[in-house]
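The structure appears below as structure tokens.
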Amino acid sequence: MDEIRKTLSILKSRWLEAVLIIGLLALSEQLIYLLPRIFHPRNIRFINMSIYLVNICVLLFVLLITGGFLRTVYLEQKKRQSLLNLIRIGNHFFSRLFRFRILYAAVFMFWFGGLYWISQITVLSMDSNIFRLVNQAGSTIIKFILAKPILLVPALIIVGDCDLFKSFGFMRQIRLLKAKPLLAVFLVQIVLSLFFQYFHNVSAQVSWHFLFYILRSVILQFLSLSIQIMAVNFVGSSGIECNREQIVGS
């Protein structure tokens, strides 16, 4: 519980940076949901392409400043930082964090593609509801299986300035089960994500559904940022070092 309180204290002290990161990620999700419903259907292809490009730019920018945010959390905890400083420090870690995200996304694309292929070749092909349920269950299982690299590899990159693939080796030296508060919040995030997905499926016609969708995004992104902070602090306390020549921000 001390780790959770410590994380909340950091987020409270650096609320402006946290709001920027969480807000941009929530906005990215809302663009996907809202804009196609505003514009005329004949422009939908152009709108979808525009949303796709805008989302990529937003996500890359958030990844950049999140790297700087987490590095300064590790070094200076509650001390507030300027946006330019987050960008400067985050740029040092950006390529490695980006490559990790690509690997992470590839695992889920492989799962989804394999599931879709199986659904097409089976005699009794899955209907959309069954396909969605199986995909959600499989995605959740993958998150549990990959919990250790999901939680520790980005933190090792940030804390130890490790190379991406060396981070996987250092990861084996850390016992994740010692980080019980981190695992607890990670589990809460997964459970809430499943609950929100179920609610989305059964309440699509509810008039206040869009407001709920915004709240869902904010809550899940808040938990995600909290998890990253806790992972950085946990790895920082483990004493792992990669011995690179230069660590930005130190």
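Residue names in the structure tokens use chain letters A, B, ... in the order shown, residue numbers from 1 in each chain, and ligand numbers from 1 in the order shown.
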
Give me the residues within 12 Å of segment 68-72 of chain A as a PDB file with N, CA, C and O atoms, in the first residue's frame, counting only C-alpha atoms and dropping any in the same chain fewer than 4 places off.
ATOM      1  N   THR A   7       2.902   6.487  -5.323  1.00  0.00           N
ATOM      2  CA  THR A   7       2.565   6.766  -6.716  1.00  0.00           C
ATOM      3  C   THR A   7       1.515   7.852  -6.832  1.00  0.00           C
ATOM      4  O   THR A   7       1.630   8.774  -7.655  1.00  0.00           O
ATOM      5  N   ILE A  10       3.052  11.209  -6.199  1.00  0.00           N
ATOM      6  CA  ILE A  10       3.794  11.704  -7.361  1.00  0.00           C
ATOM      7  C   ILE A  10       2.837  12.276  -8.393  1.00  0.00           C
ATOM      8  O   ILE A  10       3.061  13.372  -8.938  1.00  0.00           O
ATOM      9  N   LEU A  11       1.760  11.563  -8.666  1.00  0.00           N
ATOM     10  CA  LEU A  11       0.776  12.032  -9.647  1.00  0.00           C
ATOM     11  C   LEU A  11       0.110  13.326  -9.189  1.00  0.00           C
ATOM     12  O   LEU A  11      -0.185  14.201  -9.999  1.00  0.00           O
ATOM     13  N   ARG A  14       2.727  16.131  -9.604  1.00  0.00           N
ATOM     14  CA  ARG A  14       3.029  16.404 -11.010  1.00  0.00           C
ATOM     15  C   ARG A  14       1.777  16.244 -11.857  1.00  0.00           C
ATOM     16  O   ARG A  14       1.806  15.675 -12.943  1.00  0.00           O
ATOM     17  N   TRP A  15       0.688  16.769 -11.345  1.00  0.00           N
ATOM     18  CA  TRP A  15      -0.624  16.560 -11.964  1.00  0.00           C
ATOM     19  C   TRP A  15      -0.715  17.154 -13.364  1.00  0.00           C
ATOM     20  O   TRP A  15      -1.400  16.587 -14.238  1.00  0.00           O
ATOM     21  N   LEU A  16      -0.034  18.251 -13.628  1.00  0.00           N
ATOM     22  CA  LEU A  16      -0.129  18.880 -14.942  1.00  0.00           C
ATOM     23  C   LEU A  16       0.462  17.979 -16.017  1.00  0.00           C
ATOM     24  O   LEU A  16      -0.126  17.812 -17.097  1.00  0.00           O
ATOM     25  N   GLU A  17       1.612  17.356 -15.718  1.00  0.00           N
ATOM     26  CA  GLU A  17       2.233  16.437 -16.668  1.00  0.00           C
ATOM     27  C   GLU A  17       1.372  15.184 -16.838  1.00  0.00           C
ATOM     28  O   GLU A  17       1.210  14.671 -17.957  1.00  0.00           O
ATOM     29  N   ALA A  18       0.826  14.693 -15.720  1.00  0.00           N
ATOM     30  CA  ALA A  18      -0.036  13.507 -15.785  1.00  0.00           C
ATOM     31  C   ALA A  18      -1.297  13.778 -16.597  1.00  0.00           C
ATOM     32  O   ALA A  18      -1.718  12.941 -17.404  1.00  0.00           O
ATOM     33  N   VAL A  19      -1.894  14.948 -16.389  1.00  0.00           N
ATOM     34  CA  VAL A  19      -3.104  15.314 -17.136  1.00  0.00           C
ATOM     35  C   VAL A  19      -2.800  15.399 -18.629  1.00  0.00           C
ATOM     36  O   VAL A  19      -3.600  14.972 -19.464  1.00  0.00           O
ATOM     37  N   LEU A  20      -1.636  15.940 -18.978  1.00  0.00           N
ATOM     38  CA  LEU A  20      -1.256  16.034 -20.390  1.00  0.00           C
ATOM     39  C   LEU A  20      -1.151  14.652 -21.022  1.00  0.00           C
ATOM     40  O   LEU A  20      -1.701  14.410 -22.110  1.00  0.00           O
ATOM     41  N   ILE A  21      -0.463  13.742 -20.349  1.00  0.00           N
ATOM     42  CA  ILE A  21      -0.275  12.382 -20.896  1.00  0.00           C
ATOM     43  C   ILE A  21      -1.605  11.647 -20.979  1.00  0.00           C
ATOM     44  O   ILE A  21      -1.971  11.090 -22.030  1.00  0.00           O
ATOM     45  N   PHE A  61       4.018  11.141 -29.809  1.00  0.00           N
ATOM     46  CA  PHE A  61       4.359  12.267 -28.940  1.00  0.00           C
ATOM     47  C   PHE A  61       4.197  11.877 -27.469  1.00  0.00           C
ATOM     48  O   PHE A  61       5.041  12.209 -26.631  1.00  0.00           O
ATOM     49  N   VAL A  62       3.118  11.154 -27.158  1.00  0.00           N
ATOM     50  CA  VAL A  62       2.897  10.719 -25.780  1.00  0.00           C
ATOM     51  C   VAL A  62       4.001   9.754 -25.340  1.00  0.00           C
ATOM     52  O   VAL A  62       4.496   9.832 -24.209  1.00  0.00           O
ATOM     53  N   LEU A  63       4.405   8.855 -26.226  1.00  0.00           N
ATOM     54  CA  LEU A  63       5.500   7.934 -25.902  1.00  0.00           C
ATOM     55  C   LEU A  63       6.779   8.710 -25.606  1.00  0.00           C
ATOM     56  O   LEU A  63       7.522   8.373 -24.674  1.00  0.00           O
ATOM     57  N   LEU A  64       7.021   9.772 -26.373  1.00  0.00           N
ATOM     58  CA  LEU A  64       8.198  10.599 -26.185  1.00  0.00           C
ATOM     59  C   LEU A  64       8.202  11.278 -24.810  1.00  0.00           C
ATOM     60  O   LEU A  64       9.179  11.170 -24.049  1.00  0.00           O
ATOM     61  N   GLU A  76      13.970  12.208  -9.772  1.00  0.00           N
ATOM     62  CA  GLU A  76      13.587  13.343  -8.946  1.00  0.00           C
ATOM     63  C   GLU A  76      12.190  13.224  -8.346  1.00  0.00           C
ATOM     64  O   GLU A  76      11.711  14.179  -7.729  1.00  0.00           O
ATOM     65  N   GLN A  77      11.549  12.098  -8.568  1.00  0.00           N
ATOM     66  CA  GLN A  77      10.255  11.791  -7.952  1.00  0.00           C
ATOM     67  C   GLN A  77       9.210  12.885  -8.199  1.00  0.00           C
ATOM     68  O   GLN A  77       8.676  12.966  -9.290  1.00  0.00           O
ATOM     69  N   LYS A  78       8.949  13.739  -7.205  1.00  0.00           N
ATOM     70  CA  LYS A  78       7.830  14.684  -7.281  1.00  0.00           C
ATOM     71  C   LYS A  78       8.166  16.014  -7.965  1.00  0.00           C
ATOM     72  O   LYS A  78       7.272  16.833  -8.173  1.00  0.00           O
ATOM     73  N   LYS A  79       9.412  16.230  -8.300  1.00  0.00           N
ATOM     74  CA  LYS A  79       9.808  17.520  -8.868  1.00  0.00           C
ATOM     75  C   LYS A  79       9.188  17.722 -10.246  1.00  0.00           C
ATOM     76  O   LYS A  79       9.358  16.903 -11.150  1.00  0.00           O
ATOM     77  N   ARG A  80       8.472  18.814 -10.422  1.00  0.00           N
ATOM     78  CA  ARG A  80       7.805  19.101 -11.688  1.00  0.00           C
ATOM     79  C   ARG A  80       8.827  19.435 -12.772  1.00  0.00           C
ATOM     80  O   ARG A  80       9.883  20.005 -12.500  1.00  0.00           O
ATOM     81  N   GLN A  81       8.452  19.101 -14.005  1.00  0.00           N
ATOM     82  CA  GLN A  81       9.340  19.306 -15.144  1.00  0.00           C
ATOM     83  C   GLN A  81       8.612  20.095 -16.231  1.00  0.00           C
ATOM     84  O   GLN A  81       7.397  20.023 -16.368  1.00  0.00           O
ATOM     85  N   SER A  82       9.401  20.798 -17.031  1.00  0.00           N
ATOM     86  CA  SER A  82       8.830  21.490 -18.184  1.00  0.00           C
ATOM     87  C   SER A  82       8.609  20.500 -19.320  1.00  0.00           C
ATOM     88  O   SER A  82       9.254  19.438 -19.377  1.00  0.00           O
ATOM     89  N   LEU A  83       7.733  20.855 -20.230  1.00  0.00           N
ATOM     90  CA  LEU A  83       7.470  19.993 -21.381  1.00  0.00           C
ATOM     91  C   LEU A  83       8.737  19.818 -22.221  1.00  0.00           C
ATOM     92  O   LEU A  83       9.022  18.714 -22.703  1.00  0.00           O
ATOM     93  N   LEU A  84       9.492  20.888 -22.393  1.00  0.00           N
ATOM     94  CA  LEU A  84      10.728  20.799 -23.183  1.00  0.00           C
ATOM     95  C   LEU A  84      11.729  19.835 -22.550  1.00  0.00           C
ATOM     96  O   LEU A  84      12.421  19.097 -23.260  1.00  0.00           O
ATOM     97  N   ASN A  85      11.779  19.813 -21.232  1.00  0.00           N
ATOM     98  CA  ASN A  85      12.691  18.889 -20.560  1.00  0.00           C
ATOM     99  C   ASN A  85      12.232  17.444 -20.726  1.00  0.00           C
ATOM    100  O   ASN A  85      13.056  16.537 -20.907  1.00  0.00           O
ATOM    101  N   LEU A  86      10.923  17.218 -20.673  1.00  0.00           N
ATOM    102  CA  LEU A  86      10.393  15.867 -20.893  1.00  0.00           C
ATOM    103  C   LEU A  86      10.717  15.392 -22.305  1.00  0.00           C
ATOM    104  O   LEU A  86      11.082  14.226 -22.509  1.00  0.00           O
ATOM    105  N   ILE A  87      10.587  16.297 -23.269  1.00  0.00           N
ATOM    106  CA  ILE A  87      10.896  15.939 -24.659  1.00  0.00           C
ATOM    107  C   ILE A  87      12.383  15.648 -24.808  1.00  0.00           C
ATOM    108  O   ILE A  87      12.775  14.661 -25.458  1.00  0.00           O
ATOM    109  N   ARG A  88      13.227  16.489 -24.225  1.00  0.00           N
ATOM    110  CA  ARG A  88      14.680  16.312 -24.343  1.00  0.00           C
ATOM    111  C   ARG A  88      15.122  14.975 -23.754  1.00  0.00           C
ATOM    112  O   ARG A  88      15.868  14.218 -24.383  1.00  0.00           O
ATOM    113  N   ILE A  89      14.649  14.674 -22.565  1.00  0.00           N
ATOM    114  CA  ILE A  89      15.046  13.420 -21.906  1.00  0.00           C
ATOM    115  C   ILE A  89      14.375  12.225 -22.569  1.00  0.00           C
ATOM    116  O   ILE A  89      15.002  11.186 -22.793  1.00  0.00           O
ATOM    117  N   GLY A  90      13.099  12.371 -22.903  1.00  0.00           N
ATOM    118  CA  GLY A  90      12.375  11.270 -23.524  1.00  0.00           C
ATOM    119  C   GLY A  90      12.944  10.863 -24.864  1.00  0.00           C
ATOM    120  O   GLY A  90      12.872   9.687 -25.253  1.00  0.00           O
ATOM    121  N   ASN A  91      13.537  11.807 -25.588  1.00  0.00           N
ATOM    122  CA  ASN A  91      14.107  11.509 -26.895  1.00  0.00           C
ATOM    123  C   ASN A  91      15.215  10.461 -26.809  1.00  0.00           C
ATOM    124  O   ASN A  91      15.413   9.669 -27.733  1.00  0.00           O
ATOM    125  N   HIS A  92      15.931  10.439 -25.683  1.00  0.00           N
ATOM    126  CA  HIS A  92      17.020   9.470 -25.496  1.00  0.00           C
ATOM    127  C   HIS A  92      16.499   8.035 -25.420  1.00  0.00           C
ATOM    128  O   HIS A  92      17.194   7.087 -25.819  1.00  0.00           O
ATOM    129  N   PHE A  93      15.288   7.856 -24.927  1.00  0.00           N
ATOM    130  CA  PHE A  93      14.726   6.515 -24.724  1.00  0.00           C
ATOM    131  C   PHE A  93      13.697   6.137 -25.792  1.00  0.00           C
ATOM    132  O   PHE A  93      13.232   4.997 -25.828  1.00  0.00           O
ATOM    133  N   PHE A  94      13.349   7.099 -26.647  1.00  0.00           N
ATOM    134  CA  PHE A  94      12.202   6.934 -27.539  1.00  0.00           C
ATOM    135  C   PHE A  94      12.310   5.717 -28.449  1.00  0.00           C
ATOM    136  O   PHE A  94      11.372   4.923 -28.549  1.00  0.00           O
ATOM    137  N   LEU A  97      11.820   2.382 -26.572  1.00  0.00           N
ATOM    138  CA  LEU A  97      10.431   2.208 -26.134  1.00  0.00           C
ATOM    139  C   LEU A  97       9.516   1.948 -27.324  1.00  0.00           C
ATOM    140  O   LEU A  97       8.585   1.135 -27.238  1.00  0.00           O
ATOM    141  N   PRO A 154      10.122  -1.927 -20.217  1.00  0.00           N
ATOM    142  CA  PRO A 154      10.191  -0.458 -20.346  1.00  0.00           C
ATOM    143  C   PRO A 154      10.840   0.196 -19.126  1.00  0.00           C
ATOM    144  O   PRO A 154      11.593   1.178 -19.271  1.00  0.00           O
ATOM    145  N   ALA A 155      10.566  -0.341 -17.944  1.00  0.00           N
ATOM    146  CA  ALA A 155      11.161   0.225 -16.726  1.00  0.00           C
ATOM    147  C   ALA A 155      12.676   0.040 -16.712  1.00  0.00           C
ATOM    148  O   ALA A 155      13.412   0.928 -16.267  1.00  0.00           O
ATOM    149  N   LEU A 156      13.176  -1.087 -17.199  1.00  0.00           N
ATOM    150  CA  LEU A 156      14.617  -1.317 -17.278  1.00  0.00           C
ATOM    151  C   LEU A 156      15.265  -0.363 -18.277  1.00  0.00           C
ATOM    152  O   LEU A 156      16.384   0.117 -18.055  1.00  0.00           O
ATOM    153  N   ILE A 157      14.570  -0.096 -19.367  1.00  0.00           N
ATOM    154  CA  ILE A 157      15.081   0.868 -20.346  1.00  0.00           C
ATOM    155  C   ILE A 157      15.209   2.247 -19.706  1.00  0.00           C
ATOM    156  O   ILE A 157      16.206   2.954 -19.881  1.00  0.00           O
ATOM    157  N   ILE A 158      14.192   2.632 -18.946  1.00  0.00           N
ATOM    158  CA  ILE A 158      14.159   3.962 -18.327  1.00  0.00           C
ATOM    159  C   ILE A 158      15.169   4.068 -17.182  1.00  0.00           C
ATOM    160  O   ILE A 158      15.940   5.026 -17.097  1.00  0.00           O
ATOM    161  N   VAL A 159      15.170   3.099 -16.298  1.00  0.00           N
ATOM    162  CA  VAL A 159      15.989   3.175 -15.079  1.00  0.00           C
ATOM    163  C   VAL A 159      17.463   2.920 -15.374  1.00  0.00           C
ATOM    164  O   VAL A 159      18.341   3.678 -14.959  1.00  0.00           O
ATOM    165  N   GLY A 160      17.753   1.836 -16.089  1.00  0.00           N
ATOM    166  CA  GLY A 160      19.139   1.447 -16.314  1.00  0.00           C
ATOM    167  C   GLY A 160      19.711   1.907 -17.629  1.00  0.00           C
ATOM    168  O   GLY A 160      20.868   1.647 -17.920  1.00  0.00           O
ATOM    169  N   ASP A 161      18.870   2.570 -18.455  1.00  0.00           N
ATOM    170  CA  ASP A 161      19.297   2.993 -19.787  1.00  0.00           C
ATOM    171  C   ASP A 161      19.760   1.780 -20.595  1.00  0.00           C
ATOM    172  O   ASP A 161      20.744   1.835 -21.345  1.00  0.00           O
ATOM    173  N   LEU A 225      -0.615   4.748 -16.372  1.00  0.00           N
ATOM    174  CA  LEU A 225       0.486   5.618 -15.961  1.00  0.00           C
ATOM    175  C   LEU A 225       0.942   5.282 -14.547  1.00  0.00           C
ATOM    176  O   LEU A 225       2.153   5.285 -14.253  1.00  0.00           O
ATOM    177  N   SER A 226       0.001   4.967 -13.662  1.00  0.00           N
ATOM    178  CA  SER A 226       0.356   4.569 -12.295  1.00  0.00           C
ATOM    179  C   SER A 226       1.199   3.300 -12.294  1.00  0.00           C
ATOM    180  O   SER A 226       2.190   3.185 -11.547  1.00  0.00           O
ATOM    181  N   ILE A 227       0.824   2.346 -13.130  1.00  0.00           N
ATOM    182  CA  ILE A 227       1.563   1.087 -13.234  1.00  0.00           C
ATOM    183  C   ILE A 227       2.991   1.346 -13.708  1.00  0.00           C
ATOM    184  O   ILE A 227       3.955   0.756 -13.185  1.00  0.00           O
ATOM    185  N   GLN A 228       3.145   2.225 -14.684  1.00  0.00           N
ATOM    186  CA  GLN A 228       4.485   2.531 -15.194  1.00  0.00           C
ATOM    187  C   GLN A 228       5.348   3.198 -14.125  1.00  0.00           C
ATOM    188  O   GLN A 228       6.548   2.911 -14.019  1.00  0.00           O
ATOM    189  N   ILE A 229       4.758   4.091 -13.347  1.00  0.00           N
ATOM    190  CA  ILE A 229       5.507   4.735 -12.262  1.00  0.00           C
ATOM    191  C   ILE A 229       5.940   3.696 -11.229  1.00  0.00           C
ATOM    192  O   ILE A 229       7.096   3.673 -10.776  1.00  0.00           O
ATOM    193  N   MET A 230       5.017   2.812 -10.843  1.00  0.00           N
ATOM    194  CA  MET A 230       5.337   1.785  -9.853  1.00  0.00           C
ATOM    195  C   MET A 230       6.401   0.829 -10.373  1.00  0.00           C
ATOM    196  O   MET A 230       7.286   0.389  -9.620  1.00  0.00           O
ATOM    197  N   ALA A 231       6.345   0.499 -11.666  1.00  0.00           N
ATOM    198  CA  ALA A 231       7.344  -0.390 -12.258  1.00  0.00           C
ATOM    199  C   ALA A 231       8.721   0.256 -12.248  1.00  0.00           C
ATOM    200  O   ALA A 231       9.735  -0.399 -11.936  1.00  0.00           O
ATOM    201  N   VAL A 232       8.792   1.546 -12.566  1.00  0.00           N
ATOM    202  CA  VAL A 232      10.067   2.265 -12.556  1.00  0.00           C
ATOM    203  C   VAL A 232      10.653   2.304 -11.142  1.00  0.00           C
ATOM    204  O   VAL A 232      11.848   2.053 -10.937  1.00  0.00           O
ATOM    205  N   ASN A 233       9.812   2.595 -10.158  1.00  0.00           N
ATOM    206  CA  ASN A 233      10.297   2.633  -8.770  1.00  0.00           C
ATOM    207  C   ASN A 233      10.739   1.249  -8.294  1.00  0.00           C
ATOM    208  O   ASN A 233      11.726   1.115  -7.565  1.00  0.00           O
ATOM    209  N   VAL A 235      11.873  -1.305 -10.219  1.00  0.00           N
ATOM    210  CA  VAL A 235      13.142  -1.645 -10.881  1.00  0.00           C
ATOM    211  C   VAL A 235      14.272  -0.805 -10.298  1.00  0.00           C
ATOM    212  O   VAL A 235      15.391  -1.298 -10.100  1.00  0.00           O
ATOM    213  N   GLY A 236      13.981   0.465  -9.995  1.00  0.00           N
ATOM    214  CA  GLY A 236      14.997   1.321  -9.403  1.00  0.00           C
ATOM    215  C   GLY A 236      15.494   0.810  -8.066  1.00  0.00           C
ATOM    216  O   GLY A 236      16.674   0.963  -7.725  1.00  0.00           O
ATOM    217  N   ILE A 247      23.913   8.267 -19.207  1.00  0.00           N
ATOM    218  CA  ILE A 247      22.503   8.183 -18.876  1.00  0.00           C
ATOM    219  C   ILE A 247      21.955   9.593 -18.815  1.00  0.00           C
ATOM    220  O   ILE A 247      22.391  10.400 -17.994  1.00  0.00           O
ATOM    221  N   VAL A 248      21.023   9.881 -19.701  1.00  0.00           N
ATOM    222  CA  VAL A 248      20.488  11.229 -19.779  1.00  0.00           C
ATOM    223  C   VAL A 248      19.740  11.573 -18.519  1.00  0.00           C
ATOM    224  O   VAL A 248      18.973  10.767 -17.983  1.00  0.00           O
ATOM    225  N   GLY A 249      19.906  12.786 -18.029  1.00  0.00           N
ATOM    226  CA  GLY A 249      19.149  13.281 -16.881  1.00  0.00           C
ATOM    227  C   GLY A 249      19.796  12.955 -15.552  1.00  0.00           C
ATOM    228  O   GLY A 249      19.279  13.350 -14.517  1.00  0.00           O
ATOM    229  N   SER A 250      20.912  12.220 -15.554  1.00  0.00           N
ATOM    230  CA  SER A 250      21.545  11.856 -14.287  1.00  0.00           C
ATOM    231  C   SER A 250      22.528  12.928 -13.855  1.00  0.00           C
ATOM    232  O   SER A 250      22.888  13.780 -14.628  1.00  0.00           O
TER     233      SER A 250
END

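With only C-alpha atoms as the atoms that count, the minimum distance from Leu59 of chain A to the choices A:Leu215, A:Leu151, A:Ile142, A:Leu24 is reached by A:Leu24.
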
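Counting from atom CA of Phe222 of chain A, the distance to atom CA of Ile150 of chain A is 16.6 Å.
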
Next item on the list: Find the residue from A:Thr66, A:Asn55, A:Ser50, A:Ser238 that sits nearest to Ile174 of chain A; use only C-alpha atoms when measuring.
Entry: A:Ser238
